[in-house]
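See below for final_2.txt, which holds compact mmCIF, N, CA and C atoms.
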# COMPACT_ATOMS: atom_id res chain seq x y z
N MET T 2 0.85 -1.17 0.00
CA MET T 2 0.00 0.00 0.00
C MET T 2 0.90 1.24 0.00
N ALA T 3 0.51 2.24 -0.76
CA ALA T 3 1.31 3.45 -0.93
C ALA T 3 0.99 4.53 0.09
N VAL T 4 0.02 4.29 0.98
CA VAL T 4 -0.40 5.31 1.93
C VAL T 4 -0.32 4.76 3.36
N GLU T 5 0.43 5.44 4.20
CA GLU T 5 0.51 5.11 5.63
C GLU T 5 -0.24 6.19 6.40
N LEU T 6 -1.18 5.80 7.25
CA LEU T 6 -1.98 6.74 8.02
C LEU T 6 -1.43 6.87 9.43
N VAL T 7 -1.31 8.11 9.92
CA VAL T 7 -0.62 8.36 11.18
C VAL T 7 -1.34 9.41 12.01
N ASN T 8 -1.35 9.20 13.32
CA ASN T 8 -1.68 10.22 14.30
C ASN T 8 -0.38 10.50 15.05
N PRO T 9 0.35 11.56 14.68
CA PRO T 9 1.65 11.80 15.32
C PRO T 9 1.51 12.24 16.77
N ALA T 10 2.54 11.95 17.55
CA ALA T 10 2.58 12.38 18.95
C ALA T 10 2.47 13.89 19.00
N GLY T 11 1.76 14.37 20.02
CA GLY T 11 1.60 15.80 20.20
C GLY T 11 0.33 16.37 19.59
N LEU T 12 -0.42 15.53 18.85
CA LEU T 12 -1.71 15.91 18.28
C LEU T 12 -2.78 14.96 18.82
N PRO T 13 -4.04 15.39 18.84
CA PRO T 13 -5.10 14.47 19.23
C PRO T 13 -5.11 13.23 18.33
N ALA T 14 -5.57 12.11 18.87
CA ALA T 14 -5.63 10.85 18.11
C ALA T 14 -7.09 10.43 17.97
N PRO T 15 -7.84 11.06 17.08
CA PRO T 15 -9.26 10.74 16.93
C PRO T 15 -9.47 9.34 16.35
N GLU T 16 -10.58 8.72 16.72
CA GLU T 16 -10.91 7.41 16.16
C GLU T 16 -11.46 7.52 14.75
N GLU T 17 -12.15 8.64 14.45
CA GLU T 17 -12.88 8.79 13.20
C GLU T 17 -12.00 9.09 12.00
N TYR T 18 -10.80 9.62 12.23
CA TYR T 18 -9.91 9.96 11.13
C TYR T 18 -8.48 9.99 11.63
N ARG T 19 -7.52 10.14 10.72
CA ARG T 19 -6.11 10.27 11.07
C ARG T 19 -5.66 11.69 10.74
N GLN T 20 -4.66 12.15 11.46
CA GLN T 20 -4.17 13.51 11.28
C GLN T 20 -3.40 13.69 9.96
N LEU T 21 -2.73 12.65 9.51
CA LEU T 21 -1.97 12.79 8.27
C LEU T 21 -1.80 11.45 7.59
N SER T 22 -1.38 11.53 6.34
CA SER T 22 -1.03 10.32 5.60
C SER T 22 0.32 10.56 4.94
N ILE T 23 1.10 9.48 4.85
CA ILE T 23 2.40 9.54 4.21
C ILE T 23 2.30 8.70 2.94
N ALA T 24 2.47 9.34 1.81
CA ALA T 24 2.30 8.67 0.52
C ALA T 24 3.67 8.39 -0.09
N THR T 25 3.84 7.14 -0.58
CA THR T 25 5.12 6.76 -1.18
C THR T 25 4.97 6.24 -2.60
N GLY T 26 3.77 6.24 -3.14
CA GLY T 26 3.54 5.72 -4.48
C GLY T 26 3.99 6.69 -5.56
N SER T 27 3.77 6.29 -6.80
CA SER T 27 4.24 7.09 -7.93
C SER T 27 3.11 7.71 -8.74
N ARG T 28 1.86 7.36 -8.45
CA ARG T 28 0.72 7.91 -9.20
C ARG T 28 -0.19 8.67 -8.23
N LEU T 29 -0.27 9.97 -8.39
CA LEU T 29 -1.13 10.80 -7.58
C LEU T 29 -2.44 10.98 -8.31
N VAL T 30 -3.55 10.64 -7.64
CA VAL T 30 -4.87 10.64 -8.27
C VAL T 30 -5.78 11.62 -7.54
N PHE T 31 -6.40 12.52 -8.29
CA PHE T 31 -7.36 13.47 -7.73
C PHE T 31 -8.74 13.13 -8.27
N LEU T 32 -9.65 12.71 -7.41
CA LEU T 32 -11.01 12.37 -7.84
C LEU T 32 -11.90 13.59 -7.67
N SER T 33 -12.77 13.80 -8.64
CA SER T 33 -13.76 14.86 -8.49
C SER T 33 -14.72 14.46 -7.37
N GLY T 34 -15.46 15.44 -6.87
CA GLY T 34 -16.41 15.16 -5.81
C GLY T 34 -17.41 14.10 -6.23
N GLN T 35 -17.55 13.08 -5.40
CA GLN T 35 -18.49 12.00 -5.68
C GLN T 35 -19.77 12.24 -4.88
N VAL T 36 -20.90 11.98 -5.53
CA VAL T 36 -22.20 12.23 -4.92
C VAL T 36 -23.05 10.97 -4.99
N ALA T 37 -24.28 11.08 -4.52
CA ALA T 37 -25.20 9.94 -4.44
C ALA T 37 -25.89 9.70 -5.78
N ARG T 38 -25.12 9.19 -6.72
CA ARG T 38 -25.63 8.79 -8.03
C ARG T 38 -25.11 7.40 -8.33
N ASP T 39 -25.98 6.56 -8.93
CA ASP T 39 -25.53 5.23 -9.33
C ASP T 39 -24.82 5.33 -10.68
N ALA T 40 -24.41 4.19 -11.23
CA ALA T 40 -23.65 4.16 -12.48
C ALA T 40 -24.41 4.78 -13.64
N ASP T 41 -25.73 4.79 -13.57
CA ASP T 41 -26.54 5.38 -14.64
C ASP T 41 -26.89 6.84 -14.37
N GLY T 42 -26.37 7.39 -13.27
CA GLY T 42 -26.65 8.78 -12.93
C GLY T 42 -27.93 9.00 -12.16
N ASN T 43 -28.58 7.91 -11.75
CA ASN T 43 -29.82 8.02 -10.99
C ASN T 43 -29.54 8.39 -9.54
N PRO T 44 -30.39 9.24 -8.94
CA PRO T 44 -30.22 9.61 -7.53
C PRO T 44 -30.35 8.39 -6.61
N VAL T 45 -29.57 8.39 -5.54
CA VAL T 45 -29.60 7.34 -4.52
C VAL T 45 -29.83 8.01 -3.17
N GLY T 46 -30.75 7.50 -2.38
CA GLY T 46 -30.93 7.95 -1.01
C GLY T 46 -31.54 9.33 -0.85
N ALA T 47 -32.60 9.60 -1.56
CA ALA T 47 -33.25 10.92 -1.47
C ALA T 47 -33.57 11.27 -0.02
N GLY T 48 -33.04 12.39 0.45
CA GLY T 48 -33.30 12.84 1.80
C GLY T 48 -32.62 12.06 2.92
N ASP T 49 -31.76 11.11 2.58
CA ASP T 49 -31.13 10.21 3.55
C ASP T 49 -29.61 10.42 3.53
N LEU T 50 -29.11 11.19 4.48
CA LEU T 50 -27.68 11.51 4.51
C LEU T 50 -26.82 10.25 4.57
N ALA T 51 -27.16 9.29 5.41
CA ALA T 51 -26.35 8.07 5.53
C ALA T 51 -26.27 7.33 4.20
N ALA T 52 -27.38 7.19 3.51
CA ALA T 52 -27.39 6.50 2.21
C ALA T 52 -26.56 7.27 1.17
N GLN T 53 -26.62 8.59 1.22
CA GLN T 53 -25.86 9.38 0.26
C GLN T 53 -24.36 9.31 0.54
N VAL T 54 -23.97 9.32 1.81
CA VAL T 54 -22.56 9.16 2.16
C VAL T 54 -22.07 7.80 1.69
N GLU T 55 -22.84 6.77 1.97
CA GLU T 55 -22.48 5.42 1.55
C GLU T 55 -22.24 5.38 0.04
N GLN T 56 -23.16 5.93 -0.74
CA GLN T 56 -23.02 5.88 -2.19
C GLN T 56 -21.80 6.67 -2.67
N ALA T 57 -21.54 7.82 -2.07
CA ALA T 57 -20.37 8.61 -2.47
C ALA T 57 -19.08 7.83 -2.21
N TYR T 58 -18.97 7.18 -1.05
CA TYR T 58 -17.80 6.37 -0.74
C TYR T 58 -17.70 5.18 -1.71
N LEU T 59 -18.81 4.53 -1.99
CA LEU T 59 -18.79 3.41 -2.95
C LEU T 59 -18.33 3.88 -4.32
N ASN T 60 -18.75 5.08 -4.72
CA ASN T 60 -18.33 5.62 -6.02
C ASN T 60 -16.83 5.87 -6.05
N ILE T 61 -16.26 6.32 -4.94
CA ILE T 61 -14.81 6.49 -4.86
C ILE T 61 -14.13 5.14 -5.05
N GLY T 62 -14.62 4.12 -4.36
CA GLY T 62 -14.06 2.78 -4.52
C GLY T 62 -14.15 2.28 -5.95
N THR T 63 -15.29 2.52 -6.60
CA THR T 63 -15.49 2.10 -7.99
C THR T 63 -14.50 2.82 -8.91
N ALA T 64 -14.36 4.13 -8.72
CA ALA T 64 -13.45 4.91 -9.57
C ALA T 64 -12.01 4.40 -9.43
N LEU T 65 -11.59 4.14 -8.20
CA LEU T 65 -10.22 3.69 -7.99
C LEU T 65 -9.99 2.27 -8.51
N ARG T 66 -10.99 1.40 -8.37
CA ARG T 66 -10.88 0.05 -8.95
C ARG T 66 -10.71 0.14 -10.46
N GLY T 67 -11.36 1.12 -11.07
CA GLY T 67 -11.29 1.28 -12.52
C GLY T 67 -9.90 1.64 -13.03
N ILE T 68 -9.02 2.09 -12.14
CA ILE T 68 -7.65 2.41 -12.56
C ILE T 68 -6.63 1.54 -11.84
N GLY T 69 -7.09 0.43 -11.28
CA GLY T 69 -6.19 -0.53 -10.65
C GLY T 69 -5.89 -0.27 -9.20
N GLY T 70 -6.69 0.57 -8.54
CA GLY T 70 -6.49 0.87 -7.13
C GLY T 70 -7.65 0.39 -6.29
N SER T 71 -7.73 0.93 -5.08
CA SER T 71 -8.85 0.63 -4.18
C SER T 71 -9.00 1.80 -3.21
N PHE T 72 -10.04 1.74 -2.40
CA PHE T 72 -10.26 2.78 -1.39
C PHE T 72 -9.08 2.84 -0.41
N ASP T 73 -8.37 1.75 -0.24
CA ASP T 73 -7.20 1.74 0.64
C ASP T 73 -6.12 2.72 0.17
N ASP T 74 -6.14 3.09 -1.11
CA ASP T 74 -5.15 4.01 -1.66
C ASP T 74 -5.47 5.48 -1.41
N VAL T 75 -6.62 5.75 -0.80
CA VAL T 75 -7.00 7.13 -0.51
C VAL T 75 -6.08 7.71 0.56
N ALA T 76 -5.53 8.88 0.25
CA ALA T 76 -4.64 9.57 1.19
C ALA T 76 -5.36 10.67 1.94
N LYS T 77 -6.43 11.24 1.36
CA LYS T 77 -7.13 12.38 1.97
C LYS T 77 -8.52 12.50 1.38
N LEU T 78 -9.48 12.82 2.25
CA LEU T 78 -10.86 13.06 1.83
C LEU T 78 -11.29 14.46 2.25
N THR T 79 -12.10 15.09 1.42
CA THR T 79 -12.78 16.32 1.79
C THR T 79 -14.27 16.04 1.65
N ILE T 80 -15.02 16.26 2.73
CA ILE T 80 -16.44 15.95 2.76
C ILE T 80 -17.22 17.24 2.94
N TYR T 81 -18.13 17.49 2.01
CA TYR T 81 -18.99 18.66 2.05
C TYR T 81 -20.40 18.20 2.42
N VAL T 82 -20.96 18.73 3.51
CA VAL T 82 -22.29 18.33 3.95
C VAL T 82 -23.19 19.56 4.00
N VAL T 83 -24.34 19.46 3.35
CA VAL T 83 -25.30 20.56 3.34
C VAL T 83 -25.88 20.77 4.74
N ASN T 84 -25.88 22.02 5.17
CA ASN T 84 -26.44 22.40 6.47
C ASN T 84 -25.89 21.54 7.61
N TRP T 85 -24.57 21.41 7.65
CA TRP T 85 -23.93 20.59 8.66
C TRP T 85 -24.26 21.07 10.06
N GLY T 86 -24.44 20.11 10.95
CA GLY T 86 -24.60 20.35 12.37
C GLY T 86 -24.22 19.09 13.11
N PRO T 87 -23.88 19.18 14.38
CA PRO T 87 -23.47 18.00 15.14
C PRO T 87 -24.51 16.87 15.12
N ASP T 88 -25.77 17.21 14.91
CA ASP T 88 -26.81 16.19 14.86
C ASP T 88 -26.64 15.25 13.66
N LYS T 89 -25.83 15.64 12.69
CA LYS T 89 -25.64 14.81 11.49
C LYS T 89 -24.44 13.88 11.60
N TYR T 90 -23.67 14.01 12.67
CA TYR T 90 -22.46 13.21 12.80
C TYR T 90 -22.75 11.71 12.79
N GLN T 91 -23.80 11.29 13.49
CA GLN T 91 -24.13 9.86 13.54
C GLN T 91 -24.50 9.32 12.16
N LEU T 92 -25.26 10.10 11.38
CA LEU T 92 -25.64 9.67 10.04
C LEU T 92 -24.42 9.58 9.12
N LEU T 93 -23.52 10.53 9.25
CA LEU T 93 -22.28 10.50 8.47
C LEU T 93 -21.51 9.22 8.80
N GLY T 94 -21.34 8.94 10.09
CA GLY T 94 -20.63 7.74 10.50
C GLY T 94 -21.30 6.46 10.05
N GLU T 95 -22.63 6.46 10.08
CA GLU T 95 -23.38 5.28 9.63
C GLU T 95 -23.13 5.01 8.15
N GLY T 96 -23.17 6.04 7.34
CA GLY T 96 -22.93 5.87 5.90
C GLY T 96 -21.52 5.40 5.62
N VAL T 97 -20.54 5.97 6.32
CA VAL T 97 -19.15 5.56 6.15
C VAL T 97 -18.99 4.10 6.54
N ALA T 98 -19.57 3.69 7.67
CA ALA T 98 -19.44 2.31 8.14
C ALA T 98 -20.06 1.32 7.15
N ARG T 99 -21.22 1.67 6.61
CA ARG T 99 -21.86 0.75 5.64
C ARG T 99 -21.02 0.62 4.38
N ALA T 100 -20.48 1.73 3.90
CA ALA T 100 -19.63 1.67 2.70
C ALA T 100 -18.37 0.86 2.99
N ALA T 101 -17.76 1.09 4.15
CA ALA T 101 -16.53 0.37 4.50
C ALA T 101 -16.78 -1.13 4.54
N ALA T 102 -17.92 -1.54 5.09
CA ALA T 102 -18.25 -2.96 5.14
C ALA T 102 -18.39 -3.54 3.74
N LYS T 103 -19.04 -2.81 2.85
CA LYS T 103 -19.21 -3.29 1.47
C LYS T 103 -17.89 -3.30 0.72
N LEU T 104 -17.04 -2.32 0.97
CA LEU T 104 -15.75 -2.23 0.28
C LEU T 104 -14.69 -3.12 0.91
N GLY T 105 -14.93 -3.56 2.16
CA GLY T 105 -13.95 -4.37 2.86
C GLY T 105 -12.69 -3.60 3.22
N VAL T 106 -12.86 -2.33 3.63
CA VAL T 106 -11.71 -1.48 3.93
C VAL T 106 -11.88 -0.80 5.28
N ASP T 107 -10.77 -0.26 5.78
CA ASP T 107 -10.80 0.63 6.94
C ASP T 107 -11.00 2.03 6.37
N PRO T 108 -12.10 2.70 6.68
CA PRO T 108 -12.40 3.99 6.08
C PRO T 108 -11.71 5.17 6.74
N VAL T 109 -10.94 4.91 7.80
CA VAL T 109 -10.33 5.99 8.57
C VAL T 109 -9.21 6.62 7.74
N LYS T 110 -9.38 7.89 7.38
CA LYS T 110 -8.44 8.65 6.56
C LYS T 110 -8.32 10.05 7.13
N PRO T 111 -7.30 10.80 6.75
CA PRO T 111 -7.34 12.22 7.06
C PRO T 111 -8.52 12.84 6.30
N ILE T 112 -9.30 13.66 6.99
CA ILE T 112 -10.46 14.29 6.34
C ILE T 112 -10.52 15.76 6.70
N THR T 113 -11.17 16.49 5.82
CA THR T 113 -11.62 17.84 6.12
C THR T 113 -13.12 17.80 5.93
N LEU T 114 -13.87 18.20 6.94
CA LEU T 114 -15.32 18.18 6.91
C LEU T 114 -15.81 19.62 6.88
N LEU T 115 -16.57 19.95 5.84
CA LEU T 115 -17.06 21.31 5.66
C LEU T 115 -18.58 21.33 5.56
N GLY T 116 -19.20 22.23 6.28
CA GLY T 116 -20.62 22.48 6.13
C GLY T 116 -20.82 23.51 5.03
N VAL T 117 -21.74 23.25 4.13
CA VAL T 117 -22.02 24.16 3.01
C VAL T 117 -23.51 24.44 2.95
N ALA T 118 -23.87 25.54 2.31
CA ALA T 118 -25.28 25.90 2.18
C ALA T 118 -25.99 25.02 1.16
N ALA T 119 -25.30 24.65 0.08
CA ALA T 119 -25.91 23.85 -0.97
C ALA T 119 -24.81 23.21 -1.81
N LEU T 120 -25.19 22.21 -2.59
CA LEU T 120 -24.29 21.59 -3.55
C LEU T 120 -24.84 21.84 -4.96
N GLY T 121 -24.25 21.23 -5.97
CA GLY T 121 -24.58 21.51 -7.35
C GLY T 121 -25.99 21.16 -7.78
N GLU T 122 -26.64 20.25 -7.07
CA GLU T 122 -28.01 19.86 -7.39
C GLU T 122 -28.81 19.83 -6.09
N PRO T 123 -30.08 20.23 -6.14
CA PRO T 123 -30.85 20.42 -4.91
C PRO T 123 -31.08 19.17 -4.08
N ASP T 124 -31.01 17.97 -4.67
CA ASP T 124 -31.27 16.75 -3.89
C ASP T 124 -30.03 16.21 -3.19
N LEU T 125 -28.88 16.80 -3.45
CA LEU T 125 -27.64 16.30 -2.87
C LEU T 125 -27.44 16.83 -1.46
N LEU T 126 -27.10 15.92 -0.55
CA LEU T 126 -26.82 16.27 0.85
C LEU T 126 -25.34 16.22 1.18
N VAL T 127 -24.56 15.52 0.35
CA VAL T 127 -23.13 15.34 0.63
C VAL T 127 -22.37 15.15 -0.68
N GLU T 128 -21.12 15.61 -0.67
CA GLU T 128 -20.20 15.38 -1.77
C GLU T 128 -18.84 15.07 -1.14
N VAL T 129 -18.16 14.06 -1.69
CA VAL T 129 -16.88 13.61 -1.12
C VAL T 129 -15.83 13.59 -2.21
N GLU T 130 -14.76 14.39 -2.02
CA GLU T 130 -13.65 14.31 -2.96
C GLU T 130 -12.50 13.58 -2.31
N ALA T 131 -11.68 12.96 -3.16
CA ALA T 131 -10.59 12.14 -2.64
C ALA T 131 -9.31 12.38 -3.41
N THR T 132 -8.21 12.27 -2.68
CA THR T 132 -6.90 12.22 -3.28
C THR T 132 -6.31 10.86 -2.92
N ALA T 133 -5.78 10.17 -3.91
CA ALA T 133 -5.23 8.83 -3.70
C ALA T 133 -3.82 8.75 -4.25
N VAL T 134 -3.07 7.78 -3.76
CA VAL T 134 -1.72 7.53 -4.25
C VAL T 134 -1.62 6.06 -4.56
N LEU T 135 -1.25 5.74 -5.80
CA LEU T 135 -1.10 4.36 -6.23
C LEU T 135 0.35 4.08 -6.57
N GLU T 136 0.77 2.82 -6.38
CA GLU T 136 2.14 2.41 -6.73
C GLU T 136 2.33 2.49 -8.22

Whole structure given in structure tokens:
Amino acid sequence: MAVELVNPAGLPAPEEYRQLSIATGSRLVFLSGQVARDADGNPVGAGDLAAQVEQAYLNIGTALRGIGGSFDDVAKLTIYVVNWGPDKYQLLGEGVARAAAKLGVDPVKPITLLGVAALGEPDLLVEVEATAVLE
């Protein structure tokens, strides 16, 4: 694996994510923001944040498999959530856990979580972009 995830001494060690990743591979991959759409572009999980998070993570896994990688190659995630509030944390975690189970991976990565007023389409509740490193 080209990505080592670390919580260095002197910083908090959260369970939900890691503070940094160390990438040693030779292919740097930037994925566009993934949303709750299936392979045909149909909406998934209308009004359901957990379902939309799950689909976005699954789409990242699908994209990386398509170029010979996997979700394990993700070095950093940026997650945009519409109208973010602490009440949504459990739903976010639920969606991540379901996707991780389906992908067979540890989903814990360095993340940046941003609350936004809206995304590109009115039915979207979350968008997840990823940076990955492949050997």

Margin query: Using all atoms listed in the file for the distances, tell me which of T:Gly42, T:Ser71, T:Thr79, T:Lys89 is nearest to Val129 in chain T.
Written below: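 Going through T:Gly42, T:Ser71, T:Thr79, T:Lys89 one by one, the smallest distance to Val129 in chain T is for T:Thr79.
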
* **Selection near Val134 in chain T, 6 Å with only N, CA and C atoms, sequence-local residues under 2 positions removed, as JSON, numbers by chain** => {"T": [3, 26, 27, 28, 29, 30, 74, 75, 76, 132, 136]}

Which polymer residues, protein or nucleic acid, are no farther than 8 Å from (-23.6, 6.3, 4.3), counting all atoms listed in the file, as a compact mmCIF listing (two decimals) with N, CA and C atoms, keeping the file's coordinate frame?
# COMPACT_ATOMS: atom_id res chain seq x y z
N ASP T 49 -31.76 11.11 2.58
CA ASP T 49 -31.13 10.21 3.55
C ASP T 49 -29.61 10.42 3.53
N LEU T 50 -29.11 11.19 4.48
CA LEU T 50 -27.68 11.51 4.51
C LEU T 50 -26.82 10.25 4.57
N ALA T 51 -27.16 9.29 5.41
CA ALA T 51 -26.35 8.07 5.53
C ALA T 51 -26.27 7.33 4.20
N ALA T 52 -27.38 7.19 3.51
CA ALA T 52 -27.39 6.50 2.21
C ALA T 52 -26.56 7.27 1.17
N GLN T 53 -26.62 8.59 1.22
CA GLN T 53 -25.86 9.38 0.26
C GLN T 53 -24.36 9.31 0.54
N VAL T 54 -23.97 9.32 1.81
CA VAL T 54 -22.56 9.16 2.16
C VAL T 54 -22.07 7.80 1.69
N GLU T 55 -22.84 6.77 1.97
CA GLU T 55 -22.48 5.42 1.55
C GLU T 55 -22.24 5.38 0.04
N GLN T 56 -23.16 5.93 -0.74
CA GLN T 56 -23.02 5.88 -2.19
C GLN T 56 -21.80 6.67 -2.67
N ALA T 57 -21.54 7.82 -2.07
CA ALA T 57 -20.37 8.61 -2.47
C ALA T 57 -19.08 7.83 -2.21
N TYR T 58 -18.97 7.18 -1.05
CA TYR T 58 -17.80 6.37 -0.74
C TYR T 58 -17.70 5.18 -1.71
N LEU T 92 -25.26 10.10 11.38
CA LEU T 92 -25.64 9.67 10.04
C LEU T 92 -24.42 9.58 9.12
N LEU T 93 -23.52 10.53 9.25
CA LEU T 93 -22.28 10.50 8.47
C LEU T 93 -21.51 9.22 8.80
N GLY T 94 -21.34 8.94 10.09
CA GLY T 94 -20.63 7.74 10.50
C GLY T 94 -21.30 6.46 10.05
N GLU T 95 -22.63 6.46 10.08
CA GLU T 95 -23.38 5.28 9.63
C GLU T 95 -23.13 5.01 8.15
N GLY T 96 -23.17 6.04 7.34
CA GLY T 96 -22.93 5.87 5.90
C GLY T 96 -21.52 5.40 5.62
N VAL T 97 -20.54 5.97 6.32
CA VAL T 97 -19.15 5.56 6.15
C VAL T 97 -18.99 4.10 6.54
N ALA T 98 -19.57 3.69 7.67
CA ALA T 98 -19.44 2.31 8.14
C ALA T 98 -20.06 1.32 7.15
N ARG T 99 -21.22 1.67 6.61
CA ARG T 99 -21.86 0.75 5.64
C ARG T 99 -21.02 0.62 4.38
N ALA T 100 -20.48 1.73 3.90
CA ALA T 100 -19.63 1.67 2.70
C ALA T 100 -18.37 0.86 2.99
N ALA T 101 -17.76 1.09 4.15
CA ALA T 101 -16.53 0.37 4.50
C ALA T 101 -16.78 -1.13 4.54

inquiry  = Within 7 Å of (-10.6, 7.6, 9.4) in the file's own coordinates, which protein, DNA or RNA residues have an atom, counting all atoms listed in the file? List them as a PyMOL selection string.
reply    = chain T and resi 16-19+107-112

* Asked: Mind checking DSSP for range 59-135 of chain T and telling me the alpha helix (DSSP H) residues as an MDAnalysis selection string?
  -> chainID T and resid 59:66 90:104

Enumerate the residues of range 31-132 of chain T with a DSSP assignment of strand (DSSP E), computed from the backbone, and present them as number ranges by chain.
T: 31-35, 75-83, 112-117, 127-132

For CA of Ala118 in chain T and CA of Tyr81 in chain T, quote the distance in Å rounded to one decimal.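 Value for the CA of Ala118 in chain T-CA of Tyr81 in chain T distance: 9.6 Å.
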
| message | I'd like the interatomic distance between CA of Gln20 in chain T and CA of Gln91 in chain T, to a tenth of an Å. | response |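 Those two atoms sit 20.4 Å apart.
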
Worksheet entry | Interatomic distance (Å, one decimal) between CA of Ala133 in chain T and atom N of Thr25 in chain T |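 Atom N of Thr25 in chain T lies 9.7 Å from CA of Ala133 in chain T.
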
Using all atoms listed in the file, can you tell me which of T:Ala64, T:Leu125, T:Leu135, T:Leu21 comes closest to Asn8 in chain T?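 Under the stated criterion, the closest residue is T:Leu21.
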
| said: Residues near Ala131 in chain T, anyone? I mean within 5 Å using all atoms listed in the file, not counting same-chain ones fewer than 5 positions away, as an MDAnalysis selection string. | reply: chainID T and resid 31:32 77:78

Store the residues picked out above, limited to N, CA and C atoms, as a tab-separated table (two decimals), keeping the file's coordinate frame.
chain	number	residue	atom	x	y	z
T	31	PHE	N	-6.40	12.52	-8.29
T	31	PHE	CA	-7.36	13.47	-7.73
T	31	PHE	C	-8.74	13.13	-8.27
T	32	LEU	N	-9.65	12.71	-7.41
T	32	LEU	CA	-11.01	12.37	-7.84
T	32	LEU	C	-11.90	13.59	-7.67
T	77	LYS	N	-6.43	11.24	1.36
T	77	LYS	CA	-7.13	12.38	1.97
T	77	LYS	C	-8.52	12.50	1.38
T	78	LEU	N	-9.48	12.82	2.25
T	78	LEU	CA	-10.86	13.06	1.83
T	78	LEU	C	-11.29	14.46	2.25

Which is closer to Gly121 in chain T than all the others in T:Trp85, T:Ala37, T:Thr63, T:Leu12, using only C-alpha atoms?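 Selected residue with least distance to Gly121 in chain T: T:Ala37.
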
Centre and size of axis-aligned box enclosing range 84-87 of chain T plus 8 Å each side, as JSON:
{"center_x": -25.0, "center_y": 19.6, "center_z": 10.2, "size_x": 19.0, "size_y": 21.5, "size_z": 26.0}

Kindly complete range 39-44 of chain T to all heavy atoms; the output should be written as a tab-separated table (two decimals), in the frame of the given file.
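Result file is rebuild-v2.tsv:
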chain	number	residue	atom	x	y	z
T	39	ASP	N	-25.98	6.56	-8.93
T	39	ASP	CA	-25.53	5.23	-9.33
T	39	ASP	C	-24.82	5.33	-10.68
T	39	ASP	O	-24.66	6.42	-11.23
T	39	ASP	CB	-26.69	4.23	-9.33
T	39	ASP	CG	-27.76	4.51	-10.38
T	39	ASP	OD1	-27.52	5.32	-11.32
T	39	ASP	OD2	-28.85	3.94	-10.27
T	40	ALA	N	-24.41	4.19	-11.23
T	40	ALA	CA	-23.65	4.16	-12.48
T	40	ALA	C	-24.41	4.78	-13.64
T	40	ALA	O	-23.80	5.27	-14.60
T	40	ALA	CB	-23.25	2.73	-12.81
T	41	ASP	N	-25.73	4.79	-13.57
T	41	ASP	CA	-26.54	5.38	-14.64
T	41	ASP	C	-26.89	6.84	-14.37
T	41	ASP	O	-27.64	7.45	-15.12
T	41	ASP	CB	-27.83	4.57	-14.83
T	41	ASP	CG	-27.55	3.15	-15.29
T	41	ASP	OD1	-26.65	2.97	-16.15
T	41	ASP	OD2	-28.20	2.22	-14.78
T	42	GLY	N	-26.37	7.39	-13.27
T	42	GLY	CA	-26.65	8.78	-12.93
T	42	GLY	C	-27.93	9.00	-12.16
T	42	GLY	O	-28.33	10.14	-11.93
T	43	ASN	N	-28.58	7.91	-11.75
T	43	ASN	CA	-29.82	8.02	-10.99
T	43	ASN	C	-29.54	8.39	-9.54
T	43	ASN	O	-28.60	7.88	-8.93
T	43	ASN	CB	-30.59	6.70	-11.03
T	43	ASN	CG	-30.97	6.31	-12.44
T	43	ASN	OD1	-31.47	7.13	-13.20
T	43	ASN	ND2	-30.69	5.07	-12.79
T	44	PRO	N	-30.39	9.24	-8.94
T	44	PRO	CA	-30.22	9.61	-7.53
T	44	PRO	C	-30.35	8.39	-6.61
T	44	PRO	O	-31.13	7.48	-6.86
T	44	PRO	CB	-31.37	10.58	-7.27
T	44	PRO	CG	-31.80	11.07	-8.61
T	44	PRO	CD	-31.52	9.94	-9.56
